[in-house]
file coords-v5.txt (compact mmCIF, C-alpha atoms)
# COMPACT_ATOMS: atom_id res chain seq x y z
CA MET A 25 2.57 41.58 9.92
CA ALA A 26 5.10 39.02 11.00
CA ASP A 27 3.88 35.92 12.79
CA THR A 28 4.36 35.98 16.51
CA GLU A 29 6.88 33.36 17.57
CA LYS A 30 5.53 30.26 19.26
CA ILE A 31 7.39 27.37 20.89
CA ILE A 32 6.70 23.75 19.93
CA GLU A 33 8.12 20.56 21.42
CA ILE A 34 9.73 18.22 18.91
CA GLN A 35 10.64 14.76 20.14
CA VAL A 36 13.31 13.15 18.00
CA LEU A 37 14.07 9.44 18.05
CA ARG A 38 17.85 9.41 18.46
CA TYR A 39 20.11 6.51 17.63
CA ARG A 40 23.85 6.95 17.77
CA PRO A 41 25.32 3.52 16.99
CA GLU A 42 28.57 4.29 18.83
CA GLN A 43 26.79 5.00 22.15
CA ASP A 44 23.10 3.95 22.03
CA LYS A 45 22.14 0.32 22.49
CA GLU A 46 18.72 1.15 21.14
CA PRO A 47 16.92 4.29 19.90
CA VAL A 48 15.90 6.84 22.56
CA LEU A 49 13.63 9.89 22.41
CA GLN A 50 15.12 13.32 22.93
CA SER A 51 12.99 16.43 23.30
CA TYR A 52 13.70 19.90 21.91
CA LYS A 53 11.81 23.16 22.32
CA VAL A 54 11.74 24.92 18.99
CA PRO A 55 10.51 28.45 18.25
CA PHE A 56 8.51 28.44 15.04
CA THR A 57 6.33 30.49 12.74
CA ASP A 58 3.28 29.27 10.83
CA ASP A 59 5.18 28.96 7.56
CA MET A 60 7.83 26.59 8.96
CA SER A 61 7.97 22.94 7.90
CA VAL A 62 8.97 20.07 10.18
CA LEU A 63 12.24 19.97 8.22
CA GLN A 64 12.89 23.60 9.11
CA GLY A 65 12.20 22.71 12.74
CA LEU A 66 14.88 20.03 12.55
CA GLN A 67 17.26 22.43 10.86
CA TYR A 68 16.69 24.86 13.74
CA ILE A 69 17.59 22.09 16.19
CA LYS A 70 20.76 21.24 14.27
CA ASP A 71 21.83 24.86 13.87
CA TYR A 72 21.01 26.21 17.34
CA LEU A 73 20.26 23.44 19.83
CA ASP A 74 22.09 20.20 19.04
CA GLY A 75 24.46 19.82 16.08
CA THR A 76 24.62 16.04 16.49
CA VAL A 77 21.07 15.35 15.23
CA SER A 78 21.29 13.62 11.83
CA PHE A 79 18.70 13.69 9.07
CA ARG A 80 18.62 13.77 5.28
CA TRP A 81 17.28 16.59 3.19
CA SER A 82 17.98 18.40 -0.03
CA CYS A 83 15.40 20.21 -2.15
CA ARG A 84 12.87 21.43 0.48
CA MET A 85 10.09 21.17 -2.10
CA ALA A 86 8.93 17.56 -2.23
CA ILE A 87 10.82 16.45 -5.30
CA CYS A 88 14.16 14.99 -4.10
CA GLY A 89 12.59 12.36 -1.85
CA SER A 90 15.29 12.65 0.84
CA CYS A 91 13.46 13.92 3.93
CA GLY A 92 10.91 11.16 4.54
CA MET A 93 10.33 10.29 8.22
CA MET A 94 7.64 9.15 10.61
CA ILE A 95 5.87 12.25 11.90
CA ASP A 96 3.58 11.33 14.78
CA GLY A 97 3.65 7.76 13.48
CA LYS A 98 2.75 8.58 9.84
CA PRO A 99 5.22 8.40 6.96
CA LYS A 100 5.54 11.93 5.57
CA LEU A 101 7.98 14.22 3.79
CA SER A 102 9.16 16.59 6.50
CA CYS A 103 9.49 19.44 3.97
CA LYS A 104 5.83 19.08 3.04
CA THR A 105 4.50 18.90 6.60
CA PHE A 106 4.02 22.02 8.70
CA LEU A 107 4.82 22.44 12.37
CA ARG A 108 1.61 24.44 12.90
CA GLU A 109 -0.44 21.27 12.36
CA TYR A 110 1.06 19.86 15.57
CA TYR A 111 0.72 22.94 17.71
CA PRO A 112 0.22 23.12 20.67
CA GLN A 113 0.52 19.40 21.50
CA GLY A 114 3.94 18.94 19.87
CA LEU A 115 5.14 16.14 17.62
CA LYS A 116 7.35 13.09 17.50
CA VAL A 117 9.68 12.36 14.59
CA GLU A 118 11.25 8.97 13.97
CA ALA A 119 13.23 7.32 11.18
CA LEU A 120 11.05 5.75 8.47
CA ALA A 121 9.45 2.58 9.79
CA HIS A 122 10.42 -0.89 8.48
CA LEU A 123 13.87 0.31 7.41
CA PRO A 124 17.08 -0.14 9.41
CA ILE A 125 18.16 2.99 11.30
CA GLU A 126 21.71 4.05 10.46
CA ARG A 127 21.72 7.10 12.73
CA ASP A 128 18.90 9.19 14.21
CA LEU A 129 16.48 9.87 11.32
CA VAL A 130 18.74 8.39 8.65
CA VAL A 131 17.74 4.96 7.33
CA GLY A 132 19.67 2.43 5.25
CA VAL A 133 18.68 2.50 1.57
CA GLU A 134 20.83 -0.32 0.15
CA ASP A 135 17.95 -2.78 -0.01
CA PHE A 136 15.74 -0.32 -1.87
CA VAL A 137 18.44 0.70 -4.33
CA THR A 138 19.45 -2.91 -5.05
CA LYS A 139 15.82 -3.81 -5.75
CA LEU A 140 15.35 -0.72 -7.90
CA GLU A 141 18.34 -1.65 -10.05
CA SER A 142 17.15 -5.24 -10.39
CA ILE A 143 13.90 -4.32 -12.19
CA LYS A 144 15.74 -2.51 -15.02
CA PRO A 145 14.03 0.85 -14.41
CA TYR A 146 14.55 2.16 -17.92
CA ILE A 147 12.92 1.66 -21.29
CA ILE A 148 14.07 -1.44 -23.14
CA PRO A 149 13.00 -0.51 -26.68
CA LYS A 150 10.40 -2.78 -28.24
CA GLU A 151 11.94 -2.19 -31.67
CA LYS A 152 15.34 -0.88 -32.57
CA ARG A 153 15.04 2.39 -34.44
CA THR A 154 17.74 4.42 -36.11
CA LEU A 155 17.93 8.20 -35.78
CA GLU A 156 16.65 8.51 -39.35
CA GLN A 157 13.51 6.57 -38.42
CA GLY A 158 12.67 9.27 -35.91
CA GLU A 159 11.24 9.19 -32.41
CA TYR A 160 9.05 6.56 -30.78
CA LEU A 161 5.49 7.82 -31.06
CA GLN A 162 2.91 7.50 -28.32
CA THR A 163 -0.70 8.67 -28.02
CA PRO A 164 -1.81 10.71 -24.96
CA GLN A 165 -3.86 7.71 -23.83
CA GLN A 166 -0.86 5.38 -24.09
CA ARG A 167 1.05 7.89 -21.96
CA ASP A 168 -1.78 7.98 -19.40
CA MET A 169 -1.34 4.23 -18.84
CA TYR A 170 1.96 4.83 -17.04
CA GLU A 171 2.28 8.55 -16.32
CA GLN A 172 1.15 8.56 -12.68
CA PHE A 173 3.49 5.65 -11.88
CA SER A 174 6.41 7.63 -13.31
CA SER A 175 5.98 10.34 -10.65
CA CYS A 176 7.84 8.28 -8.02
CA ILE A 177 10.61 10.23 -6.26
CA ASN A 178 12.05 7.18 -4.41
CA CYS A 179 11.23 8.70 -1.01
CA MET A 180 10.36 5.26 0.45
CA LEU A 181 7.34 6.51 2.40
CA CYS A 182 5.43 3.59 0.86
CA TYR A 183 7.97 1.17 2.36
CA ALA A 184 7.37 2.70 5.78
CA ALA A 185 3.63 2.24 5.15
CA CYS A 186 3.87 -1.38 4.01
CA PRO A 187 3.61 -3.94 6.84
CA GLN A 188 4.32 -6.76 4.38
CA TYR A 189 7.73 -5.24 3.68
CA GLY A 190 8.31 -4.75 7.41
CA LEU A 191 7.44 -8.37 8.13
CA ASN A 192 9.35 -9.77 5.18
CA PRO A 193 12.03 -7.50 3.68
CA SER A 194 12.57 -9.91 0.78
CA PHE A 195 9.29 -8.56 -0.64
CA THR A 196 10.22 -6.15 -3.43
CA GLY A 197 7.87 -3.56 -1.98
CA PRO A 198 5.45 -0.94 -3.32
CA GLY A 199 7.73 1.73 -4.83
CA VAL A 200 9.94 -0.58 -6.89
CA LEU A 201 6.99 -2.68 -8.11
CA ALA A 202 5.16 0.50 -9.11
CA LEU A 203 8.22 1.51 -11.13
CA MET A 204 8.36 -1.95 -12.67
CA HIS A 205 4.78 -1.44 -13.79
CA ARG A 206 5.62 2.06 -15.01
CA TYR A 207 8.04 0.59 -17.59
CA ASN A 208 5.96 -2.48 -18.39
CA ALA A 209 2.94 -0.28 -19.11
CA ASP A 210 4.87 1.94 -21.48
CA SER A 211 3.90 1.25 -25.11
CA ARG A 212 7.49 1.88 -26.23
CA ASP A 213 8.90 -0.76 -23.87
CA GLY A 214 9.57 -4.37 -24.77
CA GLY A 215 11.07 -5.60 -21.51
CA GLN A 216 7.87 -6.86 -19.86
CA ALA A 217 8.62 -10.58 -20.17
CA GLU A 218 12.13 -10.05 -18.82
CA ARG A 219 10.96 -8.11 -15.76
CA LEU A 220 7.92 -10.25 -15.04
CA ASN A 221 9.59 -13.63 -15.35
CA SER A 222 12.59 -12.65 -13.27
CA LEU A 223 10.63 -10.99 -10.47
CA GLY A 224 7.05 -9.82 -11.08
CA HIS A 225 5.45 -13.27 -10.98
CA ALA A 226 7.59 -14.44 -8.04
CA ASP A 227 6.46 -14.48 -4.40
CA GLU A 228 8.71 -11.47 -3.81
CA GLY A 229 6.93 -9.67 -6.66
CA PHE A 230 3.24 -8.80 -6.97
CA TRP A 231 2.14 -11.75 -4.82
CA GLY A 232 3.93 -10.46 -1.73
CA CYS A 233 1.32 -7.69 -1.61
CA THR A 234 -1.88 -8.26 0.37
CA ALA A 235 -3.56 -5.03 -0.78
CA VAL A 236 -3.27 -3.19 2.52
CA GLY A 237 -3.34 -0.04 0.38
CA TYR A 238 -1.63 2.30 2.85
CA CYS A 239 1.25 2.84 0.38
CA SER A 240 -1.11 4.71 -1.93
CA GLU A 241 -2.45 6.78 0.99
CA VAL A 242 0.95 8.05 2.07
CA CYS A 243 2.49 8.61 -1.38
CA PRO A 244 3.25 12.33 -1.68
CA LYS A 245 3.17 12.19 -5.49
CA GLY A 246 -0.10 10.32 -6.14
CA VAL A 247 1.65 7.30 -7.63
CA ASP A 248 -0.82 4.71 -6.25
CA PRO A 249 1.55 1.74 -5.93
CA ALA A 250 -1.31 -0.49 -4.67
CA ASN A 251 -2.99 -0.11 -8.04
CA ALA A 252 0.26 -0.66 -9.98
CA ILE A 253 0.82 -3.92 -8.10
CA ASN A 254 -2.66 -5.37 -7.82
CA GLN A 255 -3.71 -4.80 -11.42
CA ASN A 256 -0.88 -7.18 -12.34
CA LYS A 257 -2.17 -10.07 -10.26
CA MET A 258 -4.85 -11.09 -12.75
CA ASN A 259 -2.36 -11.28 -15.65
CA SER A 260 0.13 -13.00 -13.40
CA ALA A 261 -2.44 -15.66 -12.48
CA ILE A 262 -3.39 -16.16 -16.15
CA ASN A 263 0.29 -16.43 -17.01
CA TYR A 264 0.75 -19.08 -14.29
CA PHE A 265 -2.08 -21.28 -15.51
CA THR A 266 -1.53 -20.89 -19.26
CA ARG A 267 2.02 -22.21 -18.85
CA PHE A 268 0.53 -25.63 -18.24
CA VAL A 269 -1.56 -25.65 -21.40
CA THR A 270 0.95 -24.04 -23.73
CA PRO A 271 3.46 -26.62 -25.06
CA GLY A 272 7.01 -25.93 -23.97
CA GLU A 273 6.10 -22.97 -21.74
CA ALA A 274 5.90 -24.94 -18.48
CA ASP A 275 9.61 -25.75 -18.62
CA LYS A 276 10.57 -22.10 -18.62
CA MET B 12 36.79 0.17 11.17
CA SER B 13 33.17 1.00 10.46
CA ASN B 14 30.96 2.21 13.27
CA ARG B 15 27.86 1.18 11.37
CA ARG B 16 25.42 -0.80 13.45
CA PRO B 17 22.03 -0.53 11.70
CA TYR B 18 19.16 -0.89 14.15
CA VAL B 19 16.19 -2.97 13.00
CA ARG B 20 12.98 -2.23 14.87
CA SER B 21 10.59 -4.95 15.95
CA MET B 22 7.32 -5.53 14.09
CA ASP B 23 5.53 -6.79 17.22
CA GLY B 24 2.00 -5.43 17.40
CA TRP B 25 2.43 -3.67 14.04
CA TRP B 26 -1.28 -3.78 13.22
CA LYS B 27 -2.14 -1.73 16.29
CA ARG B 28 0.16 1.13 15.29
CA ASP B 29 -2.17 2.84 12.84
CA PRO B 30 -5.98 2.93 12.49
CA TYR B 31 -5.42 2.11 8.82
CA PHE B 32 -3.83 -1.22 9.78
CA ILE B 33 -6.66 -1.98 12.23
CA ARG B 34 -9.19 -1.44 9.42
CA TYR B 35 -7.08 -3.67 7.16
CA MET B 36 -7.06 -6.45 9.77
CA ALA B 37 -10.82 -6.05 10.28
CA ARG B 38 -11.26 -6.49 6.54
CA GLU B 39 -9.14 -9.64 6.53
CA VAL B 40 -10.92 -11.08 9.61
CA SER B 41 -14.31 -10.46 7.97
CA ALA B 42 -13.27 -13.04 5.35
CA VAL B 43 -13.24 -15.67 8.13
CA PHE B 44 -16.96 -15.01 8.70
CA VAL B 45 -17.59 -15.42 4.97
CA ALA B 46 -15.87 -18.82 5.16
CA LEU B 47 -17.87 -19.76 8.28
CA TYR B 48 -21.15 -18.97 6.58
CA ALA B 49 -20.09 -20.93 3.51
CA ILE B 50 -19.68 -23.94 5.85
CA VAL B 51 -23.21 -23.36 7.21
CA LEU B 52 -24.60 -23.33 3.65
CA LEU B 53 -22.54 -26.38 2.65
CA PHE B 54 -23.93 -28.20 5.66
CA GLY B 55 -27.44 -27.32 4.42
CA LEU B 56 -26.57 -28.80 1.02
CA VAL B 57 -25.43 -32.04 2.67
CA ARG B 58 -28.69 -32.19 4.67
CA LEU B 59 -30.66 -31.57 1.47
CA GLY B 60 -28.95 -34.58 -0.06
CA GLN B 61 -30.07 -36.65 2.92
CA GLY B 62 -33.75 -36.02 2.25
CA GLU B 63 -36.58 -33.66 3.14
CA ALA B 64 -36.71 -34.43 6.88
CA ALA B 65 -32.99 -33.79 7.28
CA PHE B 66 -33.22 -30.53 5.35
CA ASN B 67 -36.22 -29.33 7.39
CA GLY B 68 -34.27 -30.20 10.55
CA TRP B 69 -31.43 -27.98 9.32
CA LEU B 70 -33.94 -25.18 8.60
CA GLN B 71 -35.39 -25.54 12.12
CA TYR B 72 -31.89 -25.40 13.58
CA LEU B 73 -31.26 -22.10 11.76
CA LYS B 74 -34.26 -20.65 13.61
CA THR B 75 -32.87 -21.34 17.09
CA PRO B 76 -32.01 -18.17 19.07
CA TRP B 77 -28.24 -18.69 18.90
CA MET B 78 -28.33 -19.18 15.16
CA LEU B 79 -30.45 -16.02 14.79
CA VAL B 80 -27.85 -14.09 16.79
CA PHE B 81 -25.15 -15.65 14.60
CA HIS B 82 -27.03 -14.51 11.47
CA VAL B 83 -27.36 -10.94 12.72
CA ILE B 84 -23.61 -10.82 13.43
CA VAL B 85 -22.78 -12.40 10.07
CA LEU B 86 -25.07 -9.95 8.26
CA ALA B 87 -23.31 -6.98 9.85
CA VAL B 88 -19.87 -8.44 9.06
CA PHE B 89 -20.95 -9.23 5.48
CA CYS B 90 -22.03 -5.62 4.94
CA TYR B 91 -18.61 -4.46 6.15
CA HIS B 92 -16.88 -7.12 4.04
CA THR B 93 -18.81 -6.06 0.92
CA TRP B 94 -17.95 -2.43 1.49
CA THR B 95 -14.23 -3.14 1.97
CA TRP B 96 -14.23 -5.52 -1.02
CA PHE B 97 -15.55 -2.92 -3.45
CA ASN B 98 -13.47 -0.21 -1.81
CA ILE B 99 -10.25 -2.05 -2.72
CA MET B 100 -11.60 -3.12 -6.12
CA PRO B 101 -10.36 -0.04 -8.06
CA LYS B 102 -6.82 -0.92 -6.90
CA THR B 103 -7.07 -4.33 -8.56
CA MET B 104 -8.24 -3.05 -11.94
CA PRO B 105 -6.18 -1.74 -14.84
CA ILE B 106 -6.63 1.90 -15.86
CA ILE B 107 -9.82 2.04 -17.95
CA PHE B 108 -10.82 4.78 -20.37
CA ILE B 109 -14.43 5.28 -21.41
CA GLY B 110 -15.00 7.85 -24.13
CA GLY B 111 -11.50 9.21 -23.61
CA LYS B 112 -12.09 9.80 -19.87
CA ARG B 113 -10.51 7.77 -17.12
CA LEU B 114 -12.94 5.67 -15.11
CA GLN B 115 -12.77 7.03 -11.54
CA PRO B 116 -12.20 4.74 -8.52
CA GLY B 117 -15.41 6.06 -6.92
CA THR B 118 -17.42 4.95 -9.96
CA ILE B 119 -15.99 1.43 -9.77
CA THR B 120 -16.72 1.16 -6.02
CA GLY B 121 -20.20 2.66 -6.44
CA THR B 122 -21.08 0.33 -9.31
CA GLY B 123 -19.92 -2.69 -7.33
CA LEU B 124 -21.91 -1.70 -4.25
CA ALA B 125 -25.01 -0.98 -6.34
CA ALA B 126 -24.65 -4.36 -8.08
CA SER B 127 -24.43 -6.17 -4.74
CA VAL B 128 -27.51 -4.37 -3.37
CA ILE B 129 -29.48 -5.19 -6.55
CA ALA B 130 -28.34 -8.83 -6.40
CA CYS B 131 -29.43 -9.10 -2.73
CA LEU B 132 -32.83 -7.56 -3.48
CA ALA B 133 -33.30 -9.85 -6.50
CA VAL B 134 -32.56 -12.94 -4.39
CA LEU B 135 -34.92 -11.65 -1.67
CA PHE B 136 -37.77 -11.15 -4.15
CA ILE B 137 -37.23 -14.54 -5.80
CA VAL B 138 -37.27 -16.31 -2.40
CA ARG B 139 -40.36 -14.31 -1.32
CA GLY B 140 -42.08 -15.23 -4.57
CA MET B 141 -41.39 -18.95 -4.04
CA SER B 142 -42.58 -19.12 -0.44
call {"tool": "encode", "arguments": {"input": "coords-v5.txt", "output": "structure tokens"}}
result
Amino acid sequence: MADTEKIIEIQVLRYRPEQDKEPVLQSYKVPFTDDMSVLQGLQYIKDYLDGTVSFRWSCRMAICGSCGMMIDGKPKLSCKTFLREYYPQGLKVEALAHLPIERDLVVGVEDFVTKLESIKPYIIPKEKRTLEQGEYLQTPQQRDMYEQFSSCINCMLCYAACPQYGLNPSFTGPGVLALMHRYNADSRDGGQAERLNSLGHADEGFWGCTAVGYCSEVCPKGVDPANAINQNKMNSAINYFTRFVTPGEADK
Amino acid sequence: MSNRRPYVRSMDGWWKRDPYFIRYMAREVSAVFVALYAIVLLFGLVRLGQGEAAFNGWLQYLKTPWMLVFHVIVLAVFCYHTWTWFNIMPKTMPIIFIGGKRLQPGTITGTGLAASVIACLAVLFIVRGMS
């Protein structure tokens, strides 16, 4: 039997830079069925009620990382969140917190992408091997050391959950630092020193984190950035102090 | 010409926006009480260095009604602080494998809490045994 159609109120934080001085809420009444996601609600608005509403989306199945937004104040993927959870009271959707709003629900990603590129998010081989020497071998346990951190889809929900990033955008932030750890923790990788000395040990690196931990709560892929960041602080502190007792290291 | 005009939202009152942030702030504030109590204990150490009469005076002062109220508050805050401390502990530790199985966050938190309860009881029994 088909679901009976219900109507839900979706409030959308609008920001049209050419006409709005600041973001304003606009309300839409959307008919929905129990299997409809918040993203589908927004698509209904765009298709039938107001074609000017802007938002990003692509895969509709929580893997592209495009449709992140604040849903009733919480950072969520709109494709993975259902309208029925907000019925009958309705819901409010806003652009991801802590990031600049370009238009409506679309945020600027330059800062994130620049930071992501800066940590060299790829394997820098520990040893050069020729094709004849074969593949780089790894045990299942060595893989487990980084696997969860490699699940990041760059959706930036963790940035919207991180007040330290909101207060100080020069902080590298949870997602990128988790990816830095993902490569550093890979037994095939030899780029740890490079990544850590250029950024990890800096104030903008691991030390910008105060272990709020909300990033790990909101991550839709179970990455646990708070763990990726904070487990590095001990080594970072040891590194800081051993520089002074190791000849020649302090000058670096 | 570009029409881009990115809007940056204010962070004013950020910690009131989500119950998670309120709990985080409560955790951070509880550290202030830990520092306060460390000062009380340090003061006792100074009085001890000044002789028996001074130390006994400090002990008597701790028994005044306001100091008892202060202790009850500090005890409650310390319990909360301990809980939050061990709750965040798994986040600060590298991934550990024991017998091929990953050590679960709950085990780390539980072990920490159990250790703190045992340590408190041990101190209590030692002090009881001395007096």
call {"tool": "closest_residue", "arguments": {"input": "coords-v5.txt", "among": "B:Leu53, B:Ile129, B:Ile99, B:Leu86", "to": "chain A", "atoms": "all atoms listed in the file"}}
result
B:Ile99
call {"tool": "atom_distance", "arguments": {"input": "coords-v5.txt", "atom1": "CA of Phe44 in chain B", "atom2": "CA of Met22 in chain B"}}
result
26.6 Å
call {"tool": "interface_residues", "arguments": {"input": "coords-v5.txt", "of": "chain B", "to": "chain A", "cutoff": "6 Å", "atoms": "only C-alpha atoms", "output": "PDB file with C-alpha atoms, keeping the file's coordinate frame"}}
result
ATOM      1  CA  ARG B  16      25.420  -0.800  13.450  1.00  0.00           C
ATOM      2  CA  PRO B  17      22.030  -0.530  11.700  1.00  0.00           C
ATOM      3  CA  TYR B  18      19.160  -0.890  14.150  1.00  0.00           C
ATOM      4  CA  VAL B  19      16.190  -2.970  13.000  1.00  0.00           C
ATOM      5  CA  LYS B 102      -6.820  -0.920  -6.900  1.00  0.00           C
ATOM      6  CA  THR B 103      -7.070  -4.330  -8.560  1.00  0.00           C
ATOM      7  CA  MET B 104      -8.240  -3.050 -11.940  1.00  0.00           C
ATOM      8  CA  PRO B 105      -6.180  -1.740 -14.840  1.00  0.00           C
TER       9      PRO B 105
END
call {"tool": "closest_residue", "arguments": {"input": "coords-v5.txt", "among": "A:Arg84, A:Arg153, A:His225, A:Lys139", "to": "Ser102 in chain A", "atoms": "all atoms listed in the file"}}
result
A:Arg84
call {"tool": "atom_distance", "arguments": {"input": "coords-v5.txt", "atom1": "CA of Ile177 in chain A", "atom2": "CA of Ser61 in chain A"}}
result
19.2 Å
call {"tool": "atom_distance", "arguments": {"input": "coords-v5.txt", "atom1": "CA of Val133 in chain A", "atom2": "CA of Cys176 in chain A"}}
result
15.6 Å
call {"tool": "closest_residue", "arguments": {"input": "coords-v5.txt", "among": "B:Ser142, B:Ala130, B:Met100, B:Ser21", "to": "Gly117 in chain B", "atoms": "only C-alpha atoms"}}
result
B:Met100
call {"tool": "closest_residue", "arguments": {"input": "coords-v5.txt", "among": "B:Arg15, B:Asp29, B:Ile50, B:Ser41", "to": "Pro99 in chain A", "atoms": "only C-alpha atoms"}}
result
B:Asp29
call {"tool": "axis_aligned_box", "arguments": {"input": "coords-v5.txt", "around": "range 115-123 of chain A", "padding_each_side": "4 Å", "output": "JSON"}}
result
{"center_x": 9.5, "center_y": 7.6, "center_z": 12.5, "size_x": 16.7, "size_y": 25.0, "size_z": 18.2}
call {"tool": "residues_around", "arguments": {"input": "coords-v5.txt", "residues": "Val36 in chain A", "least_positions_apart": "4", "cutoff": "9 Å", "atoms": "all atoms listed in the file", "output": "ChimeraX atom specification"}}
result
/A:48-52,66,77,115-119,128-129
call {"tool": "residues_around", "arguments": {"input": "coords-v5.txt", "residues": "Gly114 in chain A", "least_positions_apart": "3", "cutoff": "12 Å", "atoms": "all atoms listed in the file", "output": "NGL selection string"}}
result
:A and (30-36 or 51-56 or 62 or 65 or 95-96 or 106-111 or 117)
call {"tool": "write_last_selection", "arguments": {"input": "coords-v5.txt", "atoms": "C-alpha atoms", "output": "compact mmCIF listing (two decimals), in the frame of the given file"}}
result
# COMPACT_ATOMS: atom_id res chain seq x y z
CA LYS A 30 5.53 30.26 19.26
CA ILE A 31 7.39 27.37 20.89
CA ILE A 32 6.70 23.75 19.93
CA GLU A 33 8.12 20.56 21.42
CA ILE A 34 9.73 18.22 18.91
CA GLN A 35 10.64 14.76 20.14
CA VAL A 36 13.31 13.15 18.00
CA SER A 51 12.99 16.43 23.30
CA TYR A 52 13.70 19.90 21.91
CA LYS A 53 11.81 23.16 22.32
CA VAL A 54 11.74 24.92 18.99
CA PRO A 55 10.51 28.45 18.25
CA PHE A 56 8.51 28.44 15.04
CA VAL A 62 8.97 20.07 10.18
CA GLY A 65 12.20 22.71 12.74
CA ILE A 95 5.87 12.25 11.90
CA ASP A 96 3.58 11.33 14.78
CA PHE A 106 4.02 22.02 8.70
CA LEU A 107 4.82 22.44 12.37
CA ARG A 108 1.61 24.44 12.90
CA GLU A 109 -0.44 21.27 12.36
CA TYR A 110 1.06 19.86 15.57
CA TYR A 111 0.72 22.94 17.71
CA VAL A 117 9.68 12.36 14.59
call {"tool": "residues_around", "arguments": {"input": "coords-v5.txt", "residues": "range 67-70 of chain B", "least_positions_apart": "4", "cutoff": "7 Å", "atoms": "all atoms listed in the file", "output": "ChimeraX atom specification"}}
result
/B:55,58,63,74
call {"tool": "write_last_selection", "arguments": {"input": "coords-v5.txt", "atoms": "C-alpha atoms", "output": "tab-separated table (two decimals), keeping the file's coordinate frame"}}
result
chain	number	residue	atom	x	y	z
B	55	GLY	CA	-27.44	-27.32	4.42
B	58	ARG	CA	-28.69	-32.19	4.67
B	63	GLU	CA	-36.58	-33.66	3.14
B	74	LYS	CA	-34.26	-20.65	13.61
call {"tool": "closest_residue", "arguments": {"input": "coords-v5.txt", "among": "B:Arg20, B:Val128, B:Phe97, B:Ala87", "to": "Pro116 in chain B", "atoms": "all atoms listed in the file"}}
result
B:Phe97
call {"tool": "residues_around", "arguments": {"input": "coords-v5.txt", "residues": "Ile84 in chain B", "least_positions_apart": "5", "cutoff": "12 Å", "atoms": "all atoms listed in the file", "output": "list in words"}}
result
Ser41, Phe44, Val45, Leu47, Tyr48, Trp77, Met78, Leu79, Phe89, Cys90 and Tyr91 of chain B
call {"tool": "residues_near_point", "arguments": {"input": "coords-v5.txt", "point": "(15.8, -2.5, -24.6)", "cutoff": "8 Å", "atoms": "all atoms listed in the file", "output": "list in words"}}
result
Ile147, Ile148, Pro149, Lys150, Asp213, Gly214 and Gly215 of chain A
call {"tool": "build_atoms", "arguments": {"input": "coords-v5.txt", "residues": "range 99-112 of chain B", "atoms": "N, CA and C atoms", "output": "short mmCIF file (atom, residue, chain, number, x, y, z; two decimals), in the coordinates of the input"}}
result
data_model
loop_
_atom_site.label_atom_id
_atom_site.label_comp_id
_atom_site.auth_asym_id
_atom_site.auth_seq_id
_atom_site.Cartn_x
_atom_site.Cartn_y
_atom_site.Cartn_z
N ILE B 99 -11.60 -1.71 -2.26
CA ILE B 99 -10.25 -2.05 -2.72
C ILE B 99 -10.27 -2.43 -4.21
N MET B 100 -11.47 -2.65 -4.74
CA MET B 100 -11.60 -3.12 -6.12
C MET B 100 -10.90 -2.22 -7.16
N PRO B 101 -11.04 -0.88 -7.06
CA PRO B 101 -10.36 -0.04 -8.06
C PRO B 101 -8.85 -0.27 -8.10
N LYS B 102 -8.27 -0.68 -6.95
CA LYS B 102 -6.82 -0.92 -6.90
C LYS B 102 -6.44 -2.15 -7.71
N THR B 103 -7.39 -3.06 -7.89
CA THR B 103 -7.07 -4.33 -8.56
C THR B 103 -7.34 -4.26 -10.06
N MET B 104 -7.87 -3.13 -10.52
CA MET B 104 -8.24 -3.05 -11.94
C MET B 104 -7.28 -2.19 -12.74
N PRO B 105 -7.04 -2.58 -13.99
CA PRO B 105 -6.18 -1.74 -14.84
C PRO B 105 -6.86 -0.39 -15.08
N ILE B 106 -6.08 0.58 -15.55
CA ILE B 106 -6.63 1.90 -15.86
C ILE B 106 -7.57 1.75 -17.07
N ILE B 107 -8.82 2.20 -16.89
CA ILE B 107 -9.82 2.04 -17.95
C ILE B 107 -10.26 3.41 -18.46
N PHE B 108 -10.34 3.53 -19.77
CA PHE B 108 -10.82 4.78 -20.37
C PHE B 108 -12.16 4.51 -21.03
N ILE B 109 -13.14 5.36 -20.73
CA ILE B 109 -14.43 5.28 -21.41
C ILE B 109 -14.68 6.63 -22.07
N GLY B 110 -14.80 6.60 -23.38
CA GLY B 110 -15.00 7.85 -24.13
C GLY B 110 -13.89 8.85 -23.90
N GLY B 111 -12.66 8.33 -23.77
CA GLY B 111 -11.50 9.21 -23.61
C GLY B 111 -11.29 9.69 -22.17
N LYS B 112 -12.24 9.37 -21.26
CA LYS B 112 -12.09 9.80 -19.87
C LYS B 112 -11.76 8.62 -18.98
#
